[in-house]
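Structure, as structure tokens:
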Amino acid sequence: MRILKNLSKDKLAMTSLVVIIVMIIAGIFAPLIAPHDPGQVNMKLRYASSSWDYLLGNDHLGRCVLSRLIYGIRPSVLWVLVALSLSVLIGAIVGFIAGYFKGKVDAWIMRVCDIMLSFPGYVMTLAVVGILGAGLENILIAFVWMKWAWFARVIRTSVMQFSDMDYVKFAKASGTPNLRIITKHIVPVTFADIAVIASGSMCSMMLQISGLSFLGLGIQAPHAEWGMMLNEAREVMFSRPELMLAPGLAIVVVVSAFNFLSDALQVALDPKLMTSQGKSDKSYESEVRKPAYEYSRG
Amino acid sequence: MGSYIVKRILLTIPLLIIISFITFVLINLSPLDPAVVVLQAQEVPQITDELIAQTNEALGFDQPFMIQYANWIMAVLQLDFGNSYVSGEPVWSLMGPAFMNTLKLTLVSSVFIIALSILLGVICAMREGKLLDRSVRGISFFLTAMPSYWLAAIMIWYFSVKLDLLPTSGMDSYRSYILPVIVITVSYTGIYFRTVRSSMLSNMNEDYVLYARASGLSEKKVTLHILKNSLQVAVSIFCMAIPIVLGSTVVIENVFAWPGLGRLSVKSILSRDFPIIQAYVLMLAVTFVLFNTLSDIINAAMNPRLRKEF
């Protein structure tokens, strides 16, 4: 509850949160919200500009751009969220095991993570897509395969800070089972770190997936995806540049929203940063937490 | 310092071996039979079992796995990545020139990224919280949320088509560099300058700054001291900028029809030309490891405390 209270003071963060929630709802209920069938071809309306019936106009096959944008939320945002949750979950399990039990288990897990992270993320995603073939599900597999190690690493560091705290030692001494200590005493305090890195990763993942779809390696036609809509618009870029506008702006809006939310969460979740003295360190921390390989983008 | 460098370099050898092994295994994880892929790529009309067996023998796919790997790695050490499944040309003859083209684009962009990040980072840190700082950060926030290919398309539309100032694509003269370099620089500077800025800000509160001011050093000299210390943090990130840009120019290259690695790799992925994909992954992973090592060594040279790790 404290998190929500802190977050609600930040207007920008609340706006971002609202944007994200609206997007998610619109994506889930796309068939109810979209004014037209996103695959319906209507050659009479090719390149029609916006009208009351088709608010954002029509594309090169006369399909409704607005409906395609709404259906595009599913692969561009919702499926990325699923892949993100899955890799955070795997990373959290591995990270908790490594950080809590330490010793040999930890050393081995970290060695595996180091090897995974020595491959540049973007290149590895391309490689996995190259081997399994183009398609949305293969990109998502590549994301989970690439990201879990990086989450495991960050979560392990976060767990390690707390697993030596006196209250955890006390719980151990009083005979509390390990699983209960983890769920009751460690998960709640590390949740802050997990939320911050997860929302930050969301941005780079969304940009990457739209980039891969733009190259034709992602979701295949006739499905709608923002990156692919931009790819289709690119072919008529010189005569109909306006078709590039809506999907591009959609990406910018959602990615910015996650970006702002990630920054705001960091402040809201960390009481240390709430003080005026800590405030100037805020952006510093967020930079330091990101390792160099997280900077790759699509 | 010498022993640190030697140890650090020796440490990369097992990593490189593991990376090469993973790259090799990866291709073998494909659900398709490599012989079938070769035959399909060469557009053989009817793929019979006999043909598959022949191809397997010719390309050595029938040998035990570890022997295949050993043969492959020995060949790779002599820059022989095999032949393309599609055109039959040696992979290196396609890869080499493409790598050089991408490297040129990367190096030019990296120079601009680093220079601009330091400049903006320092200016914003000096004017922290003022209008200039806030507006630069606001704009950078917006630019980093923008897909780079979208920015590229807008710039092509405006500068190449509407104003007809610059070439839309290709790599003919220095003018072809302008647009791709701007797009890459814009999308990375927004991230990197924040690192410089926050590093500067955290250094400003250190005791040595107070001491320097108290002993009457000019403000310019104080800033130089802060900058020197802040760049230590930035060096490792800047070192990694080069391999990261190298690996992620894929989309930009495709938009600008740049004859580099990105275009080659996407083409190979679509035609399932495994030897090229394999060479691409291996080359970039090795570059990644080498730059990582380099950045560790530079950091250790600048900061003796880091050398104690071994």
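By convention in this document, the chains of the structure tokens carry letters A, B, ... by their order, each chain's residues are numbered from 1, and ligands are numbered from 1 in the order they are shown.
For chain B, the residues close to chain A, meaning within 6 Å and counting only C-alpha atoms, are Ser30, Ala145, Met146, Pro147, Thr195, Ser198, Ile237, Ile244, Gly247, Ile269 and Ala285 of chain B.
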Task: Within 9 Å of region 220-233 of chain B using only C-alpha atoms, minus same-chain residues under 6 positions, as a list in words - done: Val288 of chain A; Ile118, Val122, Met126, Thr195, Val196, Arg197, Ser198, Ser199, Met200, Leu201, Ser202, Asn203, Met204, Val209, Ala212, Arg213, Asn299, Met302 and Asn303 of chain B
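With only C-alpha atoms as the basis for measurement, A:Val267 is the residue among A:Ile28, A:Val267, A:Ala142, A:Met160 that approaches Asn6 (chain A) most closely.
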- [ ] Report as JSON, numbers by chain: the residues of region 19-98 of chain A with a DSSP assignment of alpha helix (DSSP H), based on the backbone of this structure.
- [x] {"A": [19, 20, 21, 22, 23, 24, 25, 26, 27, 28, 30, 31, 32, 33, 65, 66, 67, 68, 69, 70, 71, 72, 73, 79, 80, 81, 82, 83, 84, 85, 86, 87, 88, 89, 90, 91, 92, 93, 94, 95, 96, 97, 98]}
- [ ] Go through A:Ile209, A:Val112, A:Val189, A:Ala107 one by one, measure the shortest atom-to-atom distance of each to Ile155 (chain A) using only C-alpha atoms, and give the residue with the smallest value.
- [x]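 Checking each of A:Ile209, A:Val112, A:Val189, A:Ala107 against Ile155 (chain A), counting only C-alpha atoms, the winner is A:Val189.
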Test item: residues at most 6 Å from Ser140 (chain B), only C-alpha atoms, excluding those fewer than 3 positions along its chain, as a compact mmCIF listing (two decimals) with N, CA and C atoms, in the first residue's frame:
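See result_19.txt below for the written result:
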# COMPACT_ATOMS: atom_id res chain seq x y z
N ARG B 137 17.32 16.50 -20.72
CA ARG B 137 16.92 15.18 -20.24
C ARG B 137 15.55 14.78 -20.74
N LEU B 143 13.61 10.61 -26.97
CA LEU B 143 14.36 10.00 -28.06
C LEU B 143 14.72 8.54 -27.78
N GLY B 190 21.37 9.46 -25.86
CA GLY B 190 20.34 9.67 -24.85
C GLY B 190 20.54 8.77 -23.64
Open item on the list: Which residues are near Ala152 (chain A)? Cut-off 10 Å, only C-alpha atoms, ignore same chain within fewer than 5 positions. Put them as an MDAnalysis selection string.
Closed with: chainID A and resid 87:99 109:110 113 147 157:158 194
Task: Selection near Leu61 (chain A), 8 Å with only C-alpha atoms, sequence-local residues under 3 positions removed, as an MDAnalysis selection string - done: chainID A and resid 41:43 45:47 58
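In terms of minimum interatomic distance to Gln161 (chain A), A:Ile186 ranks closest within A:Ile186, A:Leu269, A:Ile70, A:Leu86, counting only C-alpha atoms.
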Task: Shell of 10 Å around Leu264 (chain B), only C-alpha atoms, local chain residues under 5 positions omitted, as a ChimeraX atom specification - done: /B:94-95,98-99,250,253-254,258-259,269,276-277,280
Tell me which protein, DNA and RNA residues are within 7 Å of Ser110 (chain B), counting only C-alpha atoms, leaving out same-chain ones fewer than 4 positions away, and put them as a PDB file with N, CA and C atoms, in the first residue's frame.
ATOM      1  N   THR B 106      30.150   1.720 -37.232  1.00  0.00           N
ATOM      2  CA  THR B 106      30.171   1.667 -35.775  1.00  0.00           C
ATOM      3  C   THR B 106      31.206   2.617 -35.193  1.00  0.00           C
ATOM      4  N   ILE B 114      30.411   9.043 -27.986  1.00  0.00           N
ATOM      5  CA  ILE B 114      31.230   9.311 -26.812  1.00  0.00           C
ATOM      6  C   ILE B 114      31.446  10.813 -26.626  1.00  0.00           C
ATOM      7  N   ILE B 242      31.023   0.095 -28.240  1.00  0.00           N
ATOM      8  CA  ILE B 242      31.431  -0.299 -29.587  1.00  0.00           C
ATOM      9  C   ILE B 242      30.860  -1.675 -29.976  1.00  0.00           C
TER      10      ILE B 242
END
TODO: Have a look at CA of Ala13 (chain A) and CA of Leu261 (chain A) and let me know their distance in Å, one decimal.
DONE: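 Straight-line distance from CA of Ala13 (chain A) to CA of Leu261 (chain A) works out to 5.2 Å.
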